[in-house]
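Trainee: One structure, as structure tokens, below. Some questions next.
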Amino acid sequence: MKKCVFLDRDGVINKDLGYVSSISQIQLNESIGESIRLLNKNGFIVIVVTNQSGVARGYYGENTVWEINQYIMNLLAEEDAHIQEFYVCPHLEQGIVKKYAVACDCRKPNPGMLLAAKKKYEIDFGHSYLIGDSHTDIQAGNNAGLKYSFLIKTDGDVLQAVEKILSIEGIRET
Ligand SMILES: [Zn+2]
């Protein structure tokens, strides 16, 4: 069984400029490379779970989301920080793009993305965590039954949350 830390994307990994729709808008948060590297080194896989209702709202396509995700993954890989996979919810019940205007079980606070990852990677939720910047993220973590979910206010908080996770797991930071 694997241990996992789930991260929200906009606001946790990169600066949240609101409906990020182009790689030119991607600015990584300062401590994110170090945070992910530290998790990887201590036996955690890192998975991103992101609501992208901009797709259902018709602001940008699903391809754009995946292009941005790939770009972020490559930037982090240059810092030796490895993301296992991105899970994306493109839905919004009241969206205008018909294909995505559905009530789904993956839009946070629903736990669908977390549960899909749990199944695919055989993750032990008793030793898994989430870091997010909205109450919706925290609710998703709670709904899925993760050990603990951290609500961060500034990007420096990500590294602090990671240090807390290592301490809860009894891992001496190296
Ligand atoms: Zn969804």
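In the structure tokens, chains take letters A, B, ... by order of appearance, with residues numbered from 1 within each chain and ligands from 1 in the order shown.
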Write out as a list in words the residues lying within 8 Å of Asn40 of chain A, counting only C-alpha atoms and excluding same-chain residues fewer than 5 positions away.

Mentor: Ile45, Val46, Ala81 and His82 of chain A

Trainee: At most 6 Å is the cut-off: for each residue in chain A with any atom that close to an atom of ligand 1, write down the nearest atom pair and the distance in Å rounded to one decimal, counting only C-alpha atoms and all ligand atoms, chain first then increasing number, as a Markdown table.

Mentor:
| residue | atom | partner | partner_atom_place_in_ligand_line | distance |
| --- | --- | --- | --- | --- |
| A:Cys89 | CA | ligand 1 | 1 (Zn) | 4.0 |
| A:Pro90 | CA | ligand 1 | 1 (Zn) | 5.6 |
| A:His91 | CA | ligand 1 | 1 (Zn) | 4.4 |
| A:Cys104 | CA | ligand 1 | 1 (Zn) | 4.6 |
| A:Asp105 | CA | ligand 1 | 1 (Zn) | 5.8 |
| A:Cys106 | CA | ligand 1 | 1 (Zn) | 3.9 |
| A:Arg107 | CA | ligand 1 | 1 (Zn) | 4.2 |

Trainee: Write out, as a PDB file, in the first residue's frame, the residues just selected, with N, CA and C atoms.

Mentor:
ATOM      1  N   CYS A  89     -11.294  17.457 -12.847  1.00  0.00           N
ATOM      2  CA  CYS A  89     -12.749  17.479 -13.021  1.00  0.00           C
ATOM      3  C   CYS A  89     -13.102  18.675 -13.896  1.00  0.00           C
ATOM      4  N   PRO A  90     -13.574  18.422 -15.129  1.00  0.00           N
ATOM      5  CA  PRO A  90     -13.922  19.517 -16.045  1.00  0.00           C
ATOM      6  C   PRO A  90     -15.391  19.926 -15.936  1.00  0.00           C
ATOM      7  N   HIS A  91     -16.100  19.325 -14.983  1.00  0.00           N
ATOM      8  CA  HIS A  91     -17.570  19.447 -14.950  1.00  0.00           C
ATOM      9  C   HIS A  91     -18.062  20.646 -14.151  1.00  0.00           C
ATOM     10  N   CYS A 104     -21.462  15.522 -11.328  1.00  0.00           N
ATOM     11  CA  CYS A 104     -20.518  14.398 -11.333  1.00  0.00           C
ATOM     12  C   CYS A 104     -20.146  14.040  -9.900  1.00  0.00           C
ATOM     13  N   ASP A 105     -19.383  12.966  -9.762  1.00  0.00           N
ATOM     14  CA  ASP A 105     -18.917  12.639  -8.412  1.00  0.00           C
ATOM     15  C   ASP A 105     -17.445  13.016  -8.231  1.00  0.00           C
ATOM     16  N   CYS A 106     -16.872  13.698  -9.251  1.00  0.00           N
ATOM     17  CA  CYS A 106     -15.452  14.049  -9.132  1.00  0.00           C
ATOM     18  C   CYS A 106     -15.211  15.509  -8.734  1.00  0.00           C
ATOM     19  N   ARG A 107     -16.190  16.391  -8.925  1.00  0.00           N
ATOM     20  CA  ARG A 107     -15.961  17.784  -8.553  1.00  0.00           C
ATOM     21  C   ARG A 107     -15.855  17.902  -7.028  1.00  0.00           C
TER      22      ARG A 107
END

Trainee: Leu151 of chain A: which residues within 9 Å, counting only C-alpha atoms, same-chain residues fewer than 4 positions away excluded, as a PyMOL selection string?

Mentor: chain A and resi 130-135+137-138+157+161

Trainee: Okay, now the selection with C-alpha atoms, as a CSV table (one decimal), in the first residue's frame?

Mentor:
chain,number,residue,atom,x,y,z
A,130,LEU,CA,-4.3,16.6,1.2
A,131,ILE,CA,-3.1,20.2,0.9
A,132,GLY,CA,-5.5,22.7,-0.5
A,133,ASP,CA,-6.4,26.4,-0.4
A,134,SER,CA,-10.2,26.2,-0.2
A,135,HIS,CA,-12.7,24.6,2.1
A,137,ASP,CA,-10.5,20.9,-1.0
A,138,ILE,CA,-10.6,20.1,2.8
A,157,ASP,CA,2.4,27.2,4.1
A,161,ALA,CA,2.2,21.4,5.9

Trainee: For Ile36 of chain A, which of A:Gln160, A:Asn110, A:Thr154, A:Ser167 is the closest residue, counting only C-alpha atoms?

Mentor: A:Gln160

Trainee: Please, which residues of chain A, numbered as in this document, come out alpha helix (DSSP H) from DSSP, as a VMD selection string?

Mentor: chain A and resid 32 to 41 62 to 77 112 to 121 135 to 144 156 to 168

Trainee: Residues within 10 Å of segment 11-23 of chain A, please, as a PyMOL selection string. Count only C-alpha atoms; anything in the same chain fewer than 2 positions from it doesn't count.

Mentor: chain A and resi 7-9+25-33+35-36+48+52-55+59-61+64-65+67-72+76+131-134+151-158

Trainee: Nearest to Gly95 of chain A: which of A:Arg172, A:Asp10, A:Ala144, A:Gly58 is it, counting only C-alpha atoms?

Mentor: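 For Gly95 of chain A, the nearest of the given residues is A:Gly58.
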
Trainee: Which residues of segment 4-49 of chain A come within 10 Å of segment 146-149 of chain A, and for each one, what is the closest pair of atoms and their distance in Å to one decimal, counting only C-alpha atoms, sorted by chain and residue number, as CSV?

Mentor:
residue,atom,partner,partner_atom,distance
A:Cys4,CA,A:Leu146,CA,9.6
A:Val5,CA,A:Ser149,CA,9.4
A:Phe6,CA,A:Ser149,CA,9.0
A:Leu7,CA,A:Ser149,CA,9.8

Trainee: Put those residues in a file: N, CA and C atoms, as a PDB file, in the first residue's frame.

Mentor:
ATOM      1  N   CYS A   4       0.212   8.654   0.122  1.00  0.00           N
ATOM      2  CA  CYS A   4       0.051   9.685  -0.912  1.00  0.00           C
ATOM      3  C   CYS A   4      -0.245  11.033  -0.274  1.00  0.00           C
ATOM      4  N   VAL A   5       0.267  12.087  -0.892  1.00  0.00           N
ATOM      5  CA  VAL A   5      -0.195  13.431  -0.555  1.00  0.00           C
ATOM      6  C   VAL A   5      -0.858  14.007  -1.800  1.00  0.00           C
ATOM      7  N   PHE A   6      -2.124  14.356  -1.654  1.00  0.00           N
ATOM      8  CA  PHE A   6      -2.880  14.988  -2.729  1.00  0.00           C
ATOM      9  C   PHE A   6      -2.702  16.500  -2.639  1.00  0.00           C
ATOM     10  N   LEU A   7      -2.455  17.110  -3.782  1.00  0.00           N
ATOM     11  CA  LEU A   7      -2.317  18.568  -3.825  1.00  0.00           C
ATOM     12  C   LEU A   7      -3.361  19.150  -4.763  1.00  0.00           C
TER      13      LEU A   7
END

Trainee: Measure the distance from atom CA of Arg57 of chain A to atom CA of Ala101 of chain A in Å and round it to one decimal.

Mentor: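 That distance, rounded to one decimal, is 8.5 Å.
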
Trainee: Between atom CA of Lys164 of chain A and atom CA of Leu39 of chain A, what is the distance, to one decimal in Å?

Mentor: 11.3 Å
